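Participant: Structure provided below as structure tokens; questions to follow.
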Amino acid sequence: MAFSSSYVLTAASFNGLAGISGSLSTLVTQAGGISSSGIIPAAGGGCKTQVDLGFLIDGSGSINYYGAGNFQKCLEFVKSLTKAFVISPTDTRVGAIVFSYRSELQFDFKQFTTQPDVTAAIDLIKYPGYSTYAGKGLKMASEKLFNDVRKGVPRVLVVITDGWSSDDVAKPSEELKMSGVIILSVGLGHTIIKHS
């Protein structure tokens, strides 16, 4: 799903998410072609840089099956990653989709334009459960999230999942890549580690 293995991070457990947050924020900036000279530390914390940053979050039944509260750990991870950037209409914009047997756009790039609003929106995301259809989520990311992006601004999609998809991910991944979206994958749990 990602461009190269350098765009794939794995954590053996959901508790390991915190340990890869810094690496992922670095990957987001690198994948977007943003050099360290293009990143300006903001007074309130976070990097002041332009990127349209989407999250595709696995909400399938296996997430909480292997540990109650794992979905919440994923959301905390997303919140911590967004805090690494200055969220505003002219800096980093954030959007999120949750996928399981169906996909649901939680919010797009224009809906929430401050860190507190993005954090509050993430806190409202509900865990759907059911099957894993990442392909549907990728398609929705193409059609509903990255359909209205800023010209010349890097586009990065972070896919967080713990398992194999029940539908095709190759075609929608390729469509996203062809439109200029960089896909970063975060694989969670022992199933991912065994198959990576």
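For the structure tokens, the naming scheme is as follows: chains receive sequential letters (A, B, ...) according to their order of presentation, residues are indexed from 1 within each chain, and ligands are indexed from 1 in presentation order.
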Please identify all polymer residues within 10 Å of range 171-176 of chain A, counting only C-alpha atoms, omitting same-chain residues fewer than 6 positions from it, and present them as a PDB file with N, CA and C atoms, in the first residue's frame.
Facilitator:
ATOM      1  N   MET A   1       0.819  -1.193   0.000  1.00  0.00           N
ATOM      2  CA  MET A   1       0.000   0.000   0.000  1.00  0.00           C
ATOM      3  C   MET A   1       0.863   1.257   0.000  1.00  0.00           C
ATOM      4  N   ALA A   2       1.991   1.222   0.689  1.00  0.00           N
ATOM      5  CA  ALA A   2       2.870   2.390   0.736  1.00  0.00           C
ATOM      6  C   ALA A   2       3.799   2.387  -0.473  1.00  0.00           C
ATOM      7  N   PHE A   3       4.455   3.520  -0.741  1.00  0.00           N
ATOM      8  CA  PHE A   3       5.379   3.629  -1.866  1.00  0.00           C
ATOM      9  C   PHE A   3       6.576   2.710  -1.707  1.00  0.00           C
ATOM     10  N   ALA A 134     -10.321  -2.070   3.779  1.00  0.00           N
ATOM     11  CA  ALA A 134      -9.437  -0.912   3.604  1.00  0.00           C
ATOM     12  C   ALA A 134      -9.556  -0.316   2.208  1.00  0.00           C
ATOM     13  N   GLY A 135      -9.843  -1.153   1.205  1.00  0.00           N
ATOM     14  CA  GLY A 135      -9.995  -0.657  -0.163  1.00  0.00           C
ATOM     15  C   GLY A 135     -11.093   0.386  -0.268  1.00  0.00           C
ATOM     16  N   LYS A 136     -12.212   0.140   0.419  1.00  0.00           N
ATOM     17  CA  LYS A 136     -13.306   1.120   0.434  1.00  0.00           C
ATOM     18  C   LYS A 136     -12.844   2.423   1.085  1.00  0.00           C
ATOM     19  N   GLY A 137     -12.052   2.292   2.136  1.00  0.00           N
ATOM     20  CA  GLY A 137     -11.532   3.485   2.812  1.00  0.00           C
ATOM     21  C   GLY A 137     -10.597   4.284   1.926  1.00  0.00           C
ATOM     22  N   LEU A 138      -9.730   3.576   1.196  1.00  0.00           N
ATOM     23  CA  LEU A 138      -8.810   4.253   0.273  1.00  0.00           C
ATOM     24  C   LEU A 138      -9.579   4.968  -0.835  1.00  0.00           C
ATOM     25  N   LYS A 139     -10.623   4.305  -1.330  1.00  0.00           N
ATOM     26  CA  LYS A 139     -11.448   4.921  -2.381  1.00  0.00           C
ATOM     27  C   LYS A 139     -12.111   6.192  -1.852  1.00  0.00           C
ATOM     28  N   MET A 140     -12.635   6.115  -0.626  1.00  0.00           N
ATOM     29  CA  MET A 140     -13.256   7.296  -0.031  1.00  0.00           C
ATOM     30  C   MET A 140     -12.225   8.409   0.172  1.00  0.00           C
ATOM     31  N   ALA A 141     -11.011   8.043   0.561  1.00  0.00           N
ATOM     32  CA  ALA A 141      -9.959   9.057   0.735  1.00  0.00           C
ATOM     33  C   ALA A 141      -9.720   9.798  -0.571  1.00  0.00           C
ATOM     34  N   SER A 142      -9.734   9.062  -1.673  1.00  0.00           N
ATOM     35  CA  SER A 142      -9.534   9.676  -2.986  1.00  0.00           C
ATOM     36  C   SER A 142     -10.701  10.576  -3.371  1.00  0.00           C
ATOM     37  N   GLU A 143     -11.912  10.091  -3.132  1.00  0.00           N
ATOM     38  CA  GLU A 143     -13.115  10.797  -3.594  1.00  0.00           C
ATOM     39  C   GLU A 143     -13.598  11.903  -2.665  1.00  0.00           C
ATOM     40  N   PHE A 146      -9.133  13.781  -0.491  1.00  0.00           N
ATOM     41  CA  PHE A 146      -8.106  14.411  -1.328  1.00  0.00           C
ATOM     42  C   PHE A 146      -8.679  14.948  -2.640  1.00  0.00           C
ATOM     43  N   ARG A 155       0.559  16.094  -0.075  1.00  0.00           N
ATOM     44  CA  ARG A 155      -0.617  15.335   0.369  1.00  0.00           C
ATOM     45  C   ARG A 155      -0.129  14.013   0.939  1.00  0.00           C
ATOM     46  N   VAL A 156      -0.468  13.754   2.185  1.00  0.00           N
ATOM     47  CA  VAL A 156      -0.012  12.536   2.853  1.00  0.00           C
ATOM     48  C   VAL A 156      -1.204  11.848   3.510  1.00  0.00           C
ATOM     49  N   LEU A 157      -1.315  10.531   3.268  1.00  0.00           N
ATOM     50  CA  LEU A 157      -2.349   9.718   3.910  1.00  0.00           C
ATOM     51  C   LEU A 157      -1.665   8.700   4.811  1.00  0.00           C
ATOM     52  N   ILE A 182       0.962  10.670  -1.032  1.00  0.00           N
ATOM     53  CA  ILE A 182       1.946   9.759  -0.454  1.00  0.00           C
ATOM     54  C   ILE A 182       1.232   8.961   0.636  1.00  0.00           C
ATOM     55  N   ILE A 183       1.330   7.636   0.574  1.00  0.00           N
ATOM     56  CA  ILE A 183       0.676   6.779   1.562  1.00  0.00           C
ATOM     57  C   ILE A 183       1.718   6.239   2.531  1.00  0.00           C
TER      58      ILE A 183
END
Participant: Compile the contact shell of Val98 in chain A as JSON, numbers by chain: residues with an atom at most 6 Å away, counting only C-alpha atoms, same-chain residues fewer than 3 positions apart removed.
Facilitator: {"A": [56, 57, 58, 59, 103, 104]}
Participant: Would you output that residue set with N, CA and C atoms, as a short mmCIF file (atom, residue, chain, number, x, y, z; two decimals), in the first residue's frame?
Facilitator:
data_model
loop_
_atom_site.label_atom_id
_atom_site.label_comp_id
_atom_site.auth_asym_id
_atom_site.auth_seq_id
_atom_site.Cartn_x
_atom_site.Cartn_y
_atom_site.Cartn_z
N LEU A 56 -6.48 7.38 7.69
CA LEU A 56 -7.41 6.30 7.37
C LEU A 56 -7.25 5.28 8.50
N ILE A 57 -8.24 5.22 9.38
CA ILE A 57 -8.12 4.49 10.64
C ILE A 57 -8.96 3.21 10.59
N ASP A 58 -8.33 2.09 10.88
CA ASP A 58 -9.00 0.79 10.92
C ASP A 58 -9.94 0.74 12.12
N GLY A 59 -11.22 0.54 11.85
CA GLY A 59 -12.21 0.41 12.91
C GLY A 59 -12.84 -0.97 12.92
N SER A 103 -17.00 2.63 5.07
CA SER A 103 -16.12 3.74 5.45
C SER A 103 -16.95 4.96 5.78
N GLU A 104 -16.45 5.75 6.71
CA GLU A 104 -17.15 6.97 7.10
C GLU A 104 -16.16 8.12 7.21
#
Participant: For Leu105 in chain A, which residue among A:Gly163, A:Gly54, A:Gly19, A:Gly46 is the nearest when counting only C-alpha atoms?
Facilitator: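 Of all the options, A:Gly54 lies closest to Leu105 in chain A.
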Participant: Calculate how many Å separate CA of Ser165 in chain A from CA of Lys110 in chain A, rounding to one decimal.
Facilitator: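 So the two atoms, CA of Ser165 in chain A and CA of Lys110 in chain A, lie 28.8 Å apart.
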Participant: Of the candidates A:Gln72, A:Pro154, A:Asp162, A:Ala120, which one gets nearest to Lys177 in chain A if we count only C-alpha atoms?
Facilitator: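 Among the listed residues, A:Pro154 lies closest to Lys177 in chain A.
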Participant: Quick one: residues within 7 Å of range 82-92 of chain A, only C-alpha atoms, excluding same-chain residues fewer than 6 positions away - as a ChimeraX atom specification?
Facilitator: /A:25,46-53,113-115
Participant: Could you dump the residues just selected with C-alpha atoms as a CSV table (one decimal), in the first residue's frame?
Facilitator:
chain,number,residue,atom,x,y,z
A,25,SER,CA,5.9,12.8,12.1
A,46,GLY,CA,4.4,21.9,16.6
A,47,CYS,CA,6.0,22.4,13.2
A,48,LYS,CA,4.7,25.2,11.0
A,49,THR,CA,4.6,23.7,7.6
A,50,GLN,CA,2.1,23.1,4.7
A,51,VAL,CA,0.7,19.6,4.3
A,52,ASP,CA,-2.7,18.1,3.7
A,53,LEU,CA,-2.6,15.2,6.2
A,113,THR,CA,-8.8,24.4,11.3
A,114,THR,CA,-7.4,24.6,14.8
A,115,GLN,CA,-5.6,22.0,17.0
Participant: Apply DSSP to the structure's backbone, then extract all residues of range 5-174 of chain A labelled strand (DSSP E or B) and return them as an mmCIF file with C-alpha atoms, in the first residue's frame.
Facilitator:
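states_24.cif, written as the output of this step:
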data_model
loop_
_atom_site.group_PDB
_atom_site.id
_atom_site.type_symbol
_atom_site.label_atom_id
_atom_site.label_comp_id
_atom_site.auth_asym_id
_atom_site.auth_seq_id
_atom_site.Cartn_x
_atom_site.Cartn_y
_atom_site.Cartn_z
ATOM 1 C CA VAL A 8 5.892 1.511 6.546
ATOM 2 C CA LEU A 9 6.107 1.507 10.331
ATOM 3 C CA THR A 10 5.090 -1.377 12.559
ATOM 4 C CA ALA A 11 4.322 -1.732 16.238
ATOM 5 C CA ILE A 40 9.504 26.322 11.265
ATOM 6 C CA PRO A 41 9.056 25.472 14.958
ATOM 7 C CA CYS A 47 5.957 22.418 13.190
ATOM 8 C CA LYS A 48 4.671 25.217 11.019
ATOM 9 C CA VAL A 51 0.732 19.600 4.297
ATOM 10 C CA ASP A 52 -2.717 18.100 3.742
ATOM 11 C CA LEU A 53 -2.597 15.213 6.222
ATOM 12 C CA GLY A 54 -5.258 12.517 6.049
ATOM 13 C CA PHE A 55 -5.781 9.583 8.382
ATOM 14 C CA LEU A 56 -7.410 6.297 7.371
ATOM 15 C CA ILE A 57 -8.122 4.486 10.637
ATOM 16 C CA ASP A 58 -8.998 0.791 10.922
ATOM 17 C CA PHE A 85 2.069 20.231 13.396
ATOM 18 C CA ILE A 87 -3.116 23.173 12.322
ATOM 19 C CA THR A 92 -1.259 21.749 8.094
ATOM 20 C CA ARG A 93 -4.823 20.652 7.416
ATOM 21 C CA VAL A 94 -6.158 17.372 8.818
ATOM 22 C CA GLY A 95 -8.902 14.988 7.713
ATOM 23 C CA ALA A 96 -9.957 11.541 8.933
ATOM 24 C CA ILE A 97 -11.827 8.464 7.705
ATOM 25 C CA VAL A 98 -12.665 5.327 9.700
ATOM 26 C CA PHE A 99 -13.061 2.087 7.758
ATOM 27 C CA SER A 103 -16.119 3.744 5.445
ATOM 28 C CA GLU A 104 -17.155 6.965 7.097
ATOM 29 C CA LEU A 105 -15.639 10.392 6.538
ATOM 30 C CA GLN A 106 -15.222 11.813 10.030
ATOM 31 C CA PHE A 107 -14.065 15.253 8.880
ATOM 32 C CA ARG A 155 -0.617 15.335 0.369
ATOM 33 C CA VAL A 156 -0.012 12.536 2.853
ATOM 34 C CA LEU A 157 -2.349 9.718 3.910
ATOM 35 C CA VAL A 158 -1.499 7.748 7.058
ATOM 36 C CA VAL A 159 -3.182 4.323 7.024
ATOM 37 C CA ILE A 160 -3.430 2.678 10.454
ATOM 38 C CA THR A 161 -4.447 -1.002 10.390
#
Participant: Could you find all residues in chain A that DSSP calls alpha helix (DSSP H) from the backbone, and write them as a PyMOL selection string?
Facilitator: chain A and resi 17-31+61-65+70-82+115-123+134-140+170-178+189-195
Participant: Could you tell me which of A:Thr29, A:Ser179, A:Ser100, A:Asn70 comes closest to Trp164 in chain A if we count only C-alpha atoms?
Facilitator: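 Result for the nearest residue to Trp164 in chain A: A:Ser100.
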Participant: So that I can see what lies close to Asn64 in chain A, please list as a list in words the residues with an atom at most 12 Å from it, counting only C-alpha atoms and leaving out residues fewer than 2 positions away in the same chain.
Facilitator: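 Neighbouring residues, sequence-local ones excluded: Ser13, Phe14, Asp58, Gly59, Ser60, Gly61, Ser62, Tyr66, Gly67, Ala68, Gly69, Asn70, Phe71, Gln72, Lys73, Cys74, Tyr127, Pro128, Gly129, Tyr130, Thr161, Asp162, Leu188 and Gly189 of chain A.
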Participant: Could you write out that same residue set with C-alpha atoms as a PDB file, in the first residue's frame?
Facilitator:
ATOM      1  CA  SER A  13       1.248  -3.975  20.044  1.00  0.00           C
ATOM      2  CA  PHE A  14      -1.112  -1.047  20.356  1.00  0.00           C
ATOM      3  CA  ASP A  58      -8.998   0.791  10.922  1.00  0.00           C
ATOM      4  CA  GLY A  59     -12.208   0.414  12.913  1.00  0.00           C
ATOM      5  CA  SER A  60     -12.680  -3.310  12.260  1.00  0.00           C
ATOM      6  CA  GLY A  61     -13.659  -5.851  14.903  1.00  0.00           C
ATOM      7  CA  SER A  62     -10.143  -7.206  15.297  1.00  0.00           C
ATOM      8  CA  TYR A  66      -7.161  -8.245  20.808  1.00  0.00           C
ATOM      9  CA  GLY A  67      -7.580  -5.763  23.620  1.00  0.00           C
ATOM     10  CA  ALA A  68     -10.407  -3.578  24.846  1.00  0.00           C
ATOM     11  CA  GLY A  69      -9.497   0.041  24.285  1.00  0.00           C
ATOM     12  CA  ASN A  70      -7.167  -0.538  21.328  1.00  0.00           C
ATOM     13  CA  PHE A  71      -9.285   1.662  19.044  1.00  0.00           C
ATOM     14  CA  GLN A  72      -9.006   4.453  21.601  1.00  0.00           C
ATOM     15  CA  LYS A  73      -5.213   3.974  21.591  1.00  0.00           C
ATOM     16  CA  CYS A  74      -5.280   4.479  17.809  1.00  0.00           C
ATOM     17  CA  TYR A 127     -15.659   2.499  17.017  1.00  0.00           C
ATOM     18  CA  PRO A 128     -17.719   0.640  14.375  1.00  0.00           C
ATOM     19  CA  GLY A 129     -16.317  -2.917  14.595  1.00  0.00           C
ATOM     20  CA  TYR A 130     -17.097  -5.538  11.904  1.00  0.00           C
ATOM     21  CA  THR A 161      -4.447  -1.002  10.390  1.00  0.00           C
ATOM     22  CA  ASP A 162      -3.953  -4.294  12.199  1.00  0.00           C
ATOM     23  CA  LEU A 188      -0.236  -2.878  14.313  1.00  0.00           C
ATOM     24  CA  GLY A 189      -0.018  -6.144  16.203  1.00  0.00           C
TER      25      GLY A 189
END
